[in-house]
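With mmCIF, N, CA and C atoms inside, this is run.cif:
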```cif
data_entry
#
loop_
_atom_site.label_atom_id
_atom_site.label_comp_id
_atom_site.auth_asym_id
_atom_site.auth_seq_id
_atom_site.Cartn_x
_atom_site.Cartn_y
_atom_site.Cartn_z
N MET A 1 94.41 129.19 1.24
CA MET A 1 95.21 129.32 0.06
C MET A 1 95.29 130.80 -0.28
N GLN A 2 96.41 131.23 -0.79
CA GLN A 2 96.60 132.65 -1.10
C GLN A 2 96.65 132.87 -2.61
N TYR A 3 95.82 133.81 -3.08
CA TYR A 3 95.77 134.16 -4.49
C TYR A 3 96.29 135.58 -4.67
N PRO A 4 97.22 135.77 -5.60
CA PRO A 4 97.70 137.13 -5.87
C PRO A 4 96.68 137.91 -6.69
N ALA A 5 96.59 139.19 -6.40
CA ALA A 5 95.72 140.10 -7.14
C ALA A 5 96.54 141.33 -7.50
N PHE A 6 96.27 141.91 -8.65
CA PHE A 6 96.95 143.13 -9.06
C PHE A 6 95.94 144.27 -9.05
N ILE A 7 96.28 145.37 -8.38
CA ILE A 7 95.38 146.50 -8.21
C ILE A 7 96.00 147.74 -8.83
N GLU A 8 95.24 148.40 -9.71
CA GLU A 8 95.66 149.65 -10.32
C GLU A 8 94.92 150.79 -9.63
N ILE A 9 95.64 151.88 -9.37
CA ILE A 9 95.04 153.04 -8.71
C ILE A 9 95.01 154.18 -9.72
N ASP A 10 93.80 154.71 -9.98
CA ASP A 10 93.64 155.79 -10.93
C ASP A 10 93.97 157.13 -10.30
N ALA A 11 94.08 158.18 -11.13
CA ALA A 11 94.43 159.52 -10.67
C ALA A 11 93.41 160.08 -9.67
N ASP A 12 92.13 159.68 -9.82
CA ASP A 12 91.10 160.18 -8.90
C ASP A 12 91.02 159.37 -7.61
N GLY A 13 91.90 158.37 -7.46
CA GLY A 13 91.94 157.58 -6.24
C GLY A 13 91.15 156.29 -6.29
N THR A 14 90.31 156.13 -7.32
CA THR A 14 89.57 154.88 -7.44
C THR A 14 90.54 153.76 -7.81
N SER A 15 90.16 152.55 -7.45
CA SER A 15 91.03 151.41 -7.68
C SER A 15 90.25 150.27 -8.33
N SER A 16 90.95 149.51 -9.14
CA SER A 16 90.35 148.32 -9.74
C SER A 16 91.45 147.28 -9.91
N GLY A 17 91.03 146.04 -9.99
CA GLY A 17 92.04 145.00 -10.11
C GLY A 17 91.48 143.69 -10.61
N TRP A 18 92.36 142.72 -10.68
CA TRP A 18 92.00 141.39 -11.16
C TRP A 18 92.92 140.36 -10.55
N PHE A 19 92.47 139.12 -10.66
CA PHE A 19 93.27 137.98 -10.23
C PHE A 19 93.86 137.34 -11.48
N PRO A 20 95.17 137.38 -11.67
CA PRO A 20 95.76 136.80 -12.88
C PRO A 20 95.48 135.31 -13.05
N ASP A 21 95.27 134.60 -11.98
CA ASP A 21 95.03 133.16 -12.06
C ASP A 21 93.58 132.80 -12.30
N VAL A 22 92.68 133.77 -12.19
CA VAL A 22 91.24 133.50 -12.27
C VAL A 22 90.64 134.38 -13.37
N ASP A 23 90.52 133.82 -14.57
CA ASP A 23 89.99 134.58 -15.71
C ASP A 23 88.61 135.13 -15.40
N GLY A 24 88.44 136.44 -15.65
CA GLY A 24 87.13 137.07 -15.51
C GLY A 24 86.79 137.55 -14.12
N CYS A 25 87.66 137.35 -13.16
CA CYS A 25 87.37 137.78 -11.78
C CYS A 25 88.00 139.14 -11.55
N ILE A 26 87.16 140.18 -11.56
CA ILE A 26 87.63 141.55 -11.40
C ILE A 26 86.95 142.19 -10.20
N PHE A 27 87.51 143.29 -9.73
CA PHE A 27 86.95 143.99 -8.58
C PHE A 27 87.32 145.46 -8.66
N ALA A 28 86.65 146.30 -7.86
CA ALA A 28 86.89 147.75 -7.88
C ALA A 28 86.42 148.38 -6.59
N GLY A 29 86.82 149.64 -6.39
CA GLY A 29 86.38 150.38 -5.22
C GLY A 29 86.72 151.86 -5.34
N LYS A 30 86.12 152.66 -4.47
CA LYS A 30 86.39 154.10 -4.45
C LYS A 30 87.81 154.40 -4.03
N ASP A 31 88.39 153.50 -3.25
CA ASP A 31 89.78 153.64 -2.82
C ASP A 31 90.39 152.24 -2.69
N ILE A 32 91.65 152.19 -2.32
CA ILE A 32 92.35 150.91 -2.27
C ILE A 32 91.74 149.97 -1.23
N ASP A 33 91.31 150.49 -0.10
CA ASP A 33 90.71 149.65 0.93
C ASP A 33 89.39 149.03 0.47
N GLU A 34 88.57 149.82 -0.21
CA GLU A 34 87.30 149.31 -0.71
C GLU A 34 87.53 148.29 -1.82
N ALA A 35 88.53 148.54 -2.65
CA ALA A 35 88.86 147.58 -3.71
C ALA A 35 89.34 146.26 -3.11
N TYR A 36 90.14 146.35 -2.08
CA TYR A 36 90.64 145.14 -1.43
C TYR A 36 89.49 144.33 -0.84
N ALA A 37 88.53 145.02 -0.20
CA ALA A 37 87.36 144.34 0.36
C ALA A 37 86.52 143.73 -0.76
N ASP A 38 86.36 144.45 -1.87
CA ASP A 38 85.58 143.94 -2.99
C ASP A 38 86.27 142.75 -3.65
N ALA A 39 87.59 142.71 -3.57
CA ALA A 39 88.33 141.58 -4.15
C ALA A 39 87.91 140.27 -3.49
N ALA A 40 87.80 140.26 -2.19
CA ALA A 40 87.40 139.05 -1.48
C ALA A 40 85.98 138.64 -1.87
N ASN A 41 85.07 139.62 -1.99
CA ASN A 41 83.69 139.32 -2.37
C ASN A 41 83.61 138.82 -3.81
N ALA A 42 84.36 139.45 -4.72
CA ALA A 42 84.36 139.02 -6.12
C ALA A 42 84.91 137.60 -6.24
N PHE A 43 85.95 137.33 -5.50
CA PHE A 43 86.58 136.02 -5.53
C PHE A 43 85.59 134.95 -5.06
N ARG A 44 84.93 135.21 -3.95
CA ARG A 44 83.97 134.26 -3.39
C ARG A 44 82.83 134.01 -4.38
N ALA A 45 82.28 135.07 -4.96
CA ALA A 45 81.17 134.92 -5.91
C ALA A 45 81.62 134.16 -7.16
N HIS A 46 82.83 134.45 -7.63
CA HIS A 46 83.34 133.78 -8.82
C HIS A 46 83.55 132.29 -8.58
N PHE A 47 84.13 131.96 -7.43
CA PHE A 47 84.37 130.55 -7.12
C PHE A 47 83.08 129.80 -6.85
N GLU A 48 82.09 130.45 -6.24
CA GLU A 48 80.79 129.82 -6.05
C GLU A 48 80.16 129.48 -7.39
N ALA A 49 80.31 130.39 -8.37
CA ALA A 49 79.77 130.13 -9.71
C ALA A 49 80.51 128.97 -10.37
N LEU A 50 81.82 128.90 -10.19
CA LEU A 50 82.58 127.78 -10.74
C LEU A 50 82.10 126.45 -10.15
N VAL A 51 81.93 126.42 -8.83
CA VAL A 51 81.47 125.20 -8.16
C VAL A 51 80.06 124.83 -8.61
N ASP A 52 79.17 125.81 -8.69
CA ASP A 52 77.79 125.56 -9.11
C ASP A 52 77.72 124.98 -10.52
N ASN A 53 78.65 125.41 -11.38
CA ASN A 53 78.68 124.93 -12.76
C ASN A 53 79.64 123.76 -12.96
N GLU A 54 80.10 123.21 -11.83
CA GLU A 54 81.00 122.05 -11.83
C GLU A 54 82.24 122.27 -12.67
N LEU A 55 82.81 123.49 -12.59
CA LEU A 55 84.04 123.82 -13.29
C LEU A 55 85.22 123.75 -12.32
N LYS A 56 86.38 123.56 -12.85
CA LYS A 56 87.58 123.42 -12.03
C LYS A 56 88.01 124.78 -11.46
N ILE A 57 88.38 124.76 -10.20
CA ILE A 57 88.91 125.97 -9.54
C ILE A 57 90.40 126.05 -9.85
N PRO A 58 90.84 127.17 -10.43
CA PRO A 58 92.26 127.28 -10.79
C PRO A 58 93.15 127.42 -9.56
N ALA A 59 94.33 126.84 -9.66
CA ALA A 59 95.32 126.95 -8.58
C ALA A 59 96.10 128.25 -8.74
N PRO A 60 96.51 128.86 -7.64
CA PRO A 60 97.28 130.10 -7.75
C PRO A 60 98.75 129.84 -8.12
N LYS A 61 99.33 130.81 -8.81
CA LYS A 61 100.76 130.80 -9.09
C LYS A 61 101.39 131.92 -8.27
N PRO A 62 102.67 131.85 -8.01
CA PRO A 62 103.33 132.93 -7.28
C PRO A 62 103.34 134.23 -8.10
N MET A 63 103.34 135.36 -7.42
CA MET A 63 103.40 136.65 -8.10
C MET A 63 104.57 136.72 -9.06
N GLN A 64 105.71 136.19 -8.65
CA GLN A 64 106.91 136.25 -9.48
C GLN A 64 106.69 135.58 -10.84
N ALA A 65 105.92 134.51 -10.88
CA ALA A 65 105.65 133.82 -12.14
C ALA A 65 104.88 134.73 -13.10
N HIS A 66 103.95 135.50 -12.59
CA HIS A 66 103.19 136.43 -13.43
C HIS A 66 104.07 137.57 -13.91
N ILE A 67 104.90 138.09 -13.04
CA ILE A 67 105.78 139.21 -13.41
C ILE A 67 106.78 138.76 -14.48
N ILE A 68 107.36 137.59 -14.31
CA ILE A 68 108.32 137.08 -15.29
C ILE A 68 107.64 136.86 -16.64
N ALA A 69 106.41 136.35 -16.62
CA ALA A 69 105.70 136.05 -17.87
C ALA A 69 105.29 137.31 -18.62
N ASN A 70 104.96 138.40 -17.91
CA ASN A 70 104.48 139.61 -18.58
C ASN A 70 104.67 140.83 -17.67
N ALA A 71 105.89 141.29 -17.55
CA ALA A 71 106.21 142.39 -16.63
C ALA A 71 105.50 143.69 -17.01
N ALA A 72 105.31 143.95 -18.30
CA ALA A 72 104.68 145.20 -18.73
C ALA A 72 103.23 145.31 -18.26
N GLU A 73 102.55 144.20 -18.18
CA GLU A 73 101.14 144.21 -17.75
C GLU A 73 100.99 144.60 -16.28
N TYR A 74 102.03 144.38 -15.50
CA TYR A 74 101.95 144.60 -14.06
C TYR A 74 102.75 145.82 -13.61
N SER A 75 102.71 146.88 -14.39
CA SER A 75 103.34 148.13 -13.97
C SER A 75 102.24 149.14 -13.67
N GLY A 76 102.51 150.09 -12.83
CA GLY A 76 101.53 151.12 -12.50
C GLY A 76 100.48 150.69 -11.50
N GLY A 77 100.78 149.72 -10.70
CA GLY A 77 99.83 149.26 -9.70
C GLY A 77 100.56 148.58 -8.56
N GLN A 78 99.83 147.83 -7.78
CA GLN A 78 100.45 147.11 -6.68
C GLN A 78 99.82 145.74 -6.53
N TRP A 79 100.59 144.84 -5.96
CA TRP A 79 100.13 143.48 -5.72
C TRP A 79 99.49 143.38 -4.34
N ALA A 80 98.51 142.52 -4.25
CA ALA A 80 97.89 142.18 -2.96
C ALA A 80 97.72 140.67 -2.95
N VAL A 81 97.64 140.11 -1.79
CA VAL A 81 97.41 138.68 -1.65
C VAL A 81 96.11 138.50 -0.88
N ILE A 82 95.19 137.75 -1.47
CA ILE A 82 93.91 137.49 -0.85
C ILE A 82 93.94 136.07 -0.29
N ASN A 83 93.74 135.95 1.00
CA ASN A 83 93.73 134.64 1.65
C ASN A 83 92.32 134.07 1.56
N VAL A 84 92.20 132.87 1.00
CA VAL A 84 90.90 132.26 0.76
C VAL A 84 90.80 130.92 1.48
N ASN A 85 89.74 130.75 2.24
CA ASN A 85 89.46 129.46 2.87
C ASN A 85 88.76 128.59 1.83
N MET A 86 89.48 127.65 1.28
CA MET A 86 88.96 126.83 0.19
C MET A 86 87.92 125.81 0.66
N ASP A 87 87.80 125.59 1.96
CA ASP A 87 86.81 124.64 2.48
C ASP A 87 85.39 125.01 2.06
N GLN A 88 85.13 126.30 1.90
CA GLN A 88 83.78 126.73 1.56
C GLN A 88 83.39 126.38 0.12
N PHE A 89 84.36 125.94 -0.68
CA PHE A 89 84.09 125.60 -2.07
C PHE A 89 84.21 124.11 -2.37
N ASP A 90 84.31 123.27 -1.35
CA ASP A 90 84.52 121.85 -1.61
C ASP A 90 83.22 121.11 -1.93
N GLY A 91 82.06 121.78 -1.76
CA GLY A 91 80.80 121.19 -2.16
C GLY A 91 80.21 120.18 -1.19
N ARG A 92 80.88 119.94 -0.09
CA ARG A 92 80.37 118.97 0.87
C ARG A 92 79.48 119.66 1.89
N ALA A 93 78.47 118.95 2.34
CA ALA A 93 77.62 119.45 3.42
C ALA A 93 78.29 119.07 4.74
N GLU A 94 78.06 119.89 5.73
CA GLU A 94 78.63 119.62 7.04
C GLU A 94 77.50 119.48 8.05
N ARG A 95 77.52 118.40 8.81
CA ARG A 95 76.51 118.18 9.83
C ARG A 95 76.93 118.91 11.10
N ILE A 96 75.99 119.64 11.68
CA ILE A 96 76.27 120.34 12.92
C ILE A 96 75.15 120.06 13.92
N ASN A 97 75.45 120.16 15.18
CA ASN A 97 74.45 120.06 16.24
C ASN A 97 74.28 121.42 16.85
N ILE A 98 73.04 121.82 17.04
CA ILE A 98 72.77 123.11 17.66
C ILE A 98 71.74 122.95 18.76
N THR A 99 71.71 123.91 19.65
CA THR A 99 70.70 123.95 20.70
C THR A 99 69.87 125.20 20.48
N LEU A 100 68.55 125.03 20.44
CA LEU A 100 67.63 126.14 20.23
C LEU A 100 66.65 126.20 21.39
N PRO A 101 66.19 127.39 21.72
CA PRO A 101 65.16 127.50 22.75
C PRO A 101 63.87 126.87 22.25
N PRO A 102 63.02 126.40 23.17
CA PRO A 102 61.77 125.73 22.78
C PRO A 102 60.89 126.56 21.85
N SER A 103 60.93 127.86 21.98
CA SER A 103 60.08 128.70 21.13
C SER A 103 60.48 128.60 19.66
N PHE A 104 61.70 128.17 19.35
CA PHE A 104 62.14 128.02 17.96
C PHE A 104 61.77 126.66 17.38
N THR A 105 61.51 125.68 18.22
CA THR A 105 61.31 124.33 17.72
C THR A 105 59.86 123.92 17.61
N ALA A 106 58.98 124.38 18.49
CA ALA A 106 57.56 124.02 18.40
C ALA A 106 56.74 124.92 19.29
N SER A 107 55.56 125.31 18.77
CA SER A 107 54.68 126.12 19.60
C SER A 107 53.60 125.26 20.23
N ASP A 108 53.24 124.17 19.57
CA ASP A 108 52.23 123.27 20.10
C ASP A 108 52.87 121.88 20.20
N ARG A 109 53.24 121.48 21.38
CA ARG A 109 54.02 120.26 21.57
C ARG A 109 53.24 118.99 21.23
N SER A 110 51.92 119.05 21.22
CA SER A 110 51.18 117.82 20.93
C SER A 110 51.05 117.56 19.43
N SER A 111 50.98 118.58 18.63
CA SER A 111 50.78 118.35 17.20
C SER A 111 51.89 118.93 16.34
N GLY A 112 52.78 119.66 16.90
CA GLY A 112 53.86 120.26 16.11
C GLY A 112 53.51 121.68 15.70
N ASP A 113 54.46 122.33 15.15
CA ASP A 113 54.31 123.72 14.72
C ASP A 113 54.15 123.75 13.21
N LYS A 114 53.08 124.36 12.74
CA LYS A 114 52.85 124.37 11.30
C LYS A 114 53.90 125.18 10.54
N HIS A 115 54.60 126.08 11.23
CA HIS A 115 55.61 126.91 10.55
C HIS A 115 56.95 126.21 10.45
N THR A 116 57.35 125.47 11.45
CA THR A 116 58.66 124.83 11.41
C THR A 116 58.59 123.38 10.98
N GLY A 117 57.41 122.80 11.03
CA GLY A 117 57.27 121.40 10.65
C GLY A 117 57.82 120.44 11.69
N VAL A 118 58.13 120.91 12.88
CA VAL A 118 58.68 120.06 13.93
C VAL A 118 57.54 119.35 14.64
N ARG A 119 57.60 118.05 14.67
CA ARG A 119 56.58 117.28 15.38
C ARG A 119 57.23 116.67 16.60
N GLN A 120 56.54 116.78 17.70
CA GLN A 120 57.03 116.22 18.94
C GLN A 120 56.52 114.78 19.09
N PRO A 121 57.34 113.90 19.62
CA PRO A 121 56.89 112.52 19.79
C PRO A 121 55.73 112.45 20.78
N GLN A 122 54.81 111.55 20.51
CA GLN A 122 53.69 111.34 21.41
C GLN A 122 53.82 109.96 22.02
N ARG A 123 53.53 109.86 23.29
CA ARG A 123 53.62 108.58 23.98
C ARG A 123 52.32 107.81 23.76
N VAL A 124 52.47 106.60 23.31
CA VAL A 124 51.32 105.73 23.05
C VAL A 124 51.31 104.66 24.13
N TYR A 125 50.15 104.50 24.82
CA TYR A 125 49.99 103.49 25.85
C TYR A 125 49.16 102.34 25.31
N ARG A 126 49.67 101.17 25.46
CA ARG A 126 48.93 99.97 25.07
C ARG A 126 48.67 99.14 26.30
N ARG A 127 47.68 98.33 26.22
CA ARG A 127 47.33 97.48 27.35
C ARG A 127 48.53 96.59 27.72
N GLY A 128 48.89 96.64 28.95
CA GLY A 128 49.99 95.83 29.44
C GLY A 128 51.34 96.53 29.38
N TYR A 129 51.40 97.69 28.81
CA TYR A 129 52.65 98.43 28.71
C TYR A 129 52.51 99.77 29.40
N ALA A 130 53.55 100.23 29.98
CA ALA A 130 53.50 101.53 30.63
C ALA A 130 54.10 102.58 29.76
#
```

I'd like the structure from this file rewritten - as structure tokens, please.
Amino acid sequence: MQYPAFIEIDADGTSSGWFPDVDGCIFAGKDIDEAYADAANAFRAHFEALVDNELKIPAPKPMQAHIIANAAEYSGGQWAVINVNMDQFDGRAERINITLPPSFTASDRSSGDKHTGVRQPQRVYRRGYA
């Protein structure tokens, strides 16, 4: 999903901006590139806080909608679009399968590793069973 951001550039070259669709989400940098990078980090942190507090994530509006609503607020800067993978904010856990070397899973195969808590199965022999 793409969220518009407005970035203002000061006379000394520093930049700061905000997301019009996301109240309170601001970012800054020494230059436009650093501000753009900080925008993605600010956005991620803000949305993680919204999810943690079970608040609704706002949907983006087109840049044109913001300009039409308040053109004076968006002068003296430039627009940027931040592409956000919304899957990271859906709150669901994802099951994955991984392969690890034996040294990561257990150091003592008979009793398990006290650091990882991994216990290896032990074969039990009963009379009449192999």

Taking the backbone alone, and naming residues the way the document does, which bits of region 14-98 of chain A are alpha helix (DSSP H) by DSSP, as a PDB file with N, CA and C atoms, in the frame of the given file?
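Final file, part23.pdb:
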```
ATOM      1  N   ILE A  32      91.650 152.190  -2.320  1.00  0.00           N
ATOM      2  CA  ILE A  32      92.350 150.910  -2.270  1.00  0.00           C
ATOM      3  C   ILE A  32      91.740 149.970  -1.230  1.00  0.00           C
ATOM      4  N   ASP A  33      91.310 150.490  -0.100  1.00  0.00           N
ATOM      5  CA  ASP A  33      90.710 149.650   0.930  1.00  0.00           C
ATOM      6  C   ASP A  33      89.390 149.030   0.470  1.00  0.00           C
ATOM      7  N   GLU A  34      88.570 149.820  -0.210  1.00  0.00           N
ATOM      8  CA  GLU A  34      87.300 149.310  -0.710  1.00  0.00           C
ATOM      9  C   GLU A  34      87.530 148.290  -1.820  1.00  0.00           C
ATOM     10  N   ALA A  35      88.530 148.540  -2.650  1.00  0.00           N
ATOM     11  CA  ALA A  35      88.860 147.580  -3.710  1.00  0.00           C
ATOM     12  C   ALA A  35      89.340 146.260  -3.110  1.00  0.00           C
ATOM     13  N   TYR A  36      90.140 146.350  -2.080  1.00  0.00           N
ATOM     14  CA  TYR A  36      90.640 145.140  -1.430  1.00  0.00           C
ATOM     15  C   TYR A  36      89.490 144.330  -0.840  1.00  0.00           C
ATOM     16  N   ALA A  37      88.530 145.020  -0.200  1.00  0.00           N
ATOM     17  CA  ALA A  37      87.360 144.340   0.360  1.00  0.00           C
ATOM     18  C   ALA A  37      86.520 143.730  -0.760  1.00  0.00           C
ATOM     19  N   ASP A  38      86.360 144.450  -1.870  1.00  0.00           N
ATOM     20  CA  ASP A  38      85.580 143.940  -2.990  1.00  0.00           C
ATOM     21  C   ASP A  38      86.270 142.750  -3.650  1.00  0.00           C
ATOM     22  N   ALA A  39      87.590 142.710  -3.570  1.00  0.00           N
ATOM     23  CA  ALA A  39      88.330 141.580  -4.150  1.00  0.00           C
ATOM     24  C   ALA A  39      87.910 140.270  -3.490  1.00  0.00           C
ATOM     25  N   ALA A  40      87.800 140.260  -2.190  1.00  0.00           N
ATOM     26  CA  ALA A  40      87.400 139.050  -1.480  1.00  0.00           C
ATOM     27  C   ALA A  40      85.980 138.640  -1.870  1.00  0.00           C
ATOM     28  N   ASN A  41      85.070 139.620  -1.990  1.00  0.00           N
ATOM     29  CA  ASN A  41      83.690 139.320  -2.370  1.00  0.00           C
ATOM     30  C   ASN A  41      83.610 138.820  -3.810  1.00  0.00           C
ATOM     31  N   ALA A  42      84.360 139.450  -4.720  1.00  0.00           N
ATOM     32  CA  ALA A  42      84.360 139.020  -6.120  1.00  0.00           C
ATOM     33  C   ALA A  42      84.910 137.600  -6.240  1.00  0.00           C
ATOM     34  N   PHE A  43      85.950 137.330  -5.500  1.00  0.00           N
ATOM     35  CA  PHE A  43      86.580 136.020  -5.530  1.00  0.00           C
ATOM     36  C   PHE A  43      85.590 134.950  -5.060  1.00  0.00           C
ATOM     37  N   ARG A  44      84.930 135.210  -3.950  1.00  0.00           N
ATOM     38  CA  ARG A  44      83.970 134.260  -3.390  1.00  0.00           C
ATOM     39  C   ARG A  44      82.830 134.010  -4.380  1.00  0.00           C
ATOM     40  N   ALA A  45      82.280 135.070  -4.960  1.00  0.00           N
ATOM     41  CA  ALA A  45      81.170 134.920  -5.910  1.00  0.00           C
ATOM     42  C   ALA A  45      81.620 134.160  -7.160  1.00  0.00           C
ATOM     43  N   HIS A  46      82.830 134.450  -7.630  1.00  0.00           N
ATOM     44  CA  HIS A  46      83.340 133.780  -8.820  1.00  0.00           C
ATOM     45  C   HIS A  46      83.550 132.290  -8.580  1.00  0.00           C
ATOM     46  N   PHE A  47      84.130 131.960  -7.430  1.00  0.00           N
ATOM     47  CA  PHE A  47      84.370 130.550  -7.120  1.00  0.00           C
ATOM     48  C   PHE A  47      83.080 129.800  -6.850  1.00  0.00           C
ATOM     49  N   GLU A  48      82.090 130.450  -6.240  1.00  0.00           N
ATOM     50  CA  GLU A  48      80.790 129.820  -6.050  1.00  0.00           C
ATOM     51  C   GLU A  48      80.160 129.480  -7.390  1.00  0.00           C
ATOM     52  N   ALA A  49      80.310 130.390  -8.370  1.00  0.00           N
ATOM     53  CA  ALA A  49      79.770 130.130  -9.710  1.00  0.00           C
ATOM     54  C   ALA A  49      80.510 128.970 -10.370  1.00  0.00           C
ATOM     55  N   LEU A  50      81.820 128.900 -10.190  1.00  0.00           N
ATOM     56  CA  LEU A  50      82.580 127.780 -10.740  1.00  0.00           C
ATOM     57  C   LEU A  50      82.100 126.450 -10.150  1.00  0.00           C
ATOM     58  N   VAL A  51      81.930 126.420  -8.830  1.00  0.00           N
ATOM     59  CA  VAL A  51      81.470 125.200  -8.160  1.00  0.00           C
ATOM     60  C   VAL A  51      80.060 124.830  -8.610  1.00  0.00           C
ATOM     61  N   ASP A  52      79.170 125.810  -8.690  1.00  0.00           N
ATOM     62  CA  ASP A  52      77.790 125.560  -9.110  1.00  0.00           C
ATOM     63  C   ASP A  52      77.720 124.980 -10.520  1.00  0.00           C
ATOM     64  N   MET A  63     103.340 135.360  -7.420  1.00  0.00           N
ATOM     65  CA  MET A  63     103.400 136.650  -8.100  1.00  0.00           C
ATOM     66  C   MET A  63     104.570 136.720  -9.060  1.00  0.00           C
ATOM     67  N   GLN A  64     105.710 136.190  -8.650  1.00  0.00           N
ATOM     68  CA  GLN A  64     106.910 136.250  -9.480  1.00  0.00           C
ATOM     69  C   GLN A  64     106.690 135.580 -10.840  1.00  0.00           C
ATOM     70  N   ALA A  65     105.920 134.510 -10.880  1.00  0.00           N
ATOM     71  CA  ALA A  65     105.650 133.820 -12.140  1.00  0.00           C
ATOM     72  C   ALA A  65     104.880 134.730 -13.100  1.00  0.00           C
ATOM     73  N   HIS A  66     103.950 135.500 -12.590  1.00  0.00           N
ATOM     74  CA  HIS A  66     103.190 136.430 -13.430  1.00  0.00           C
ATOM     75  C   HIS A  66     104.070 137.570 -13.910  1.00  0.00           C
ATOM     76  N   ILE A  67     104.900 138.090 -13.040  1.00  0.00           N
ATOM     77  CA  ILE A  67     105.780 139.210 -13.410  1.00  0.00           C
ATOM     78  C   ILE A  67     106.780 138.760 -14.480  1.00  0.00           C
ATOM     79  N   ILE A  68     107.360 137.590 -14.310  1.00  0.00           N
ATOM     80  CA  ILE A  68     108.320 137.080 -15.290  1.00  0.00           C
ATOM     81  C   ILE A  68     107.640 136.860 -16.640  1.00  0.00           C
ATOM     82  N   ALA A  69     106.410 136.350 -16.620  1.00  0.00           N
ATOM     83  CA  ALA A  69     105.700 136.050 -17.870  1.00  0.00           C
ATOM     84  C   ALA A  69     105.290 137.310 -18.620  1.00  0.00           C
TER      85      ALA A  69
END
```

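Here atom C of Arg44 (chain A) stands at a distance of 23.5 Å from atom N of Thr14 (chain A).
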
From the set A:Val84, A:Pro101, A:Met63, A:Ser75, which residue has the shortest atom-to-atom contact distance to Ala40 (chain A), counting only N, CA and C atoms?
->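 Looking only at the distances to Ala40 (chain A), the closest residue turns out to be A:Val84.
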
Those of region 39-81 of chain A in DSSP strand (DSSP E), formatted as an MDAnalysis selection string = chainID A and resid 77:81

Atom N of Asn53 (chain A) to CA of Ala37 (chain A): how many Å, to one decimal?
-> 23.9 Å

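The smallest atom-to-atom distance between Ala65 (chain A) and any of A:Asp21, A:Gln78, A:Ile98, A:Asp52, using only C-alpha atoms, is found for A:Asp21.
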
Using the chain letters and numbering of this document, enumerate as a ChimeraX atom specification the residues selected by the PyMOL selection byres (((chain A and resi 1-8 and name CA) around 10) and name CA).
-> /A:9-11,13-22,25-28,32,35-36,39,43,58-64,66,73-87

Go ahead and compute the interatomic distance for CA of Glu48 (chain A) and CA of Gln88 (chain A), in Å to one decimal.
-> 8.7 Å
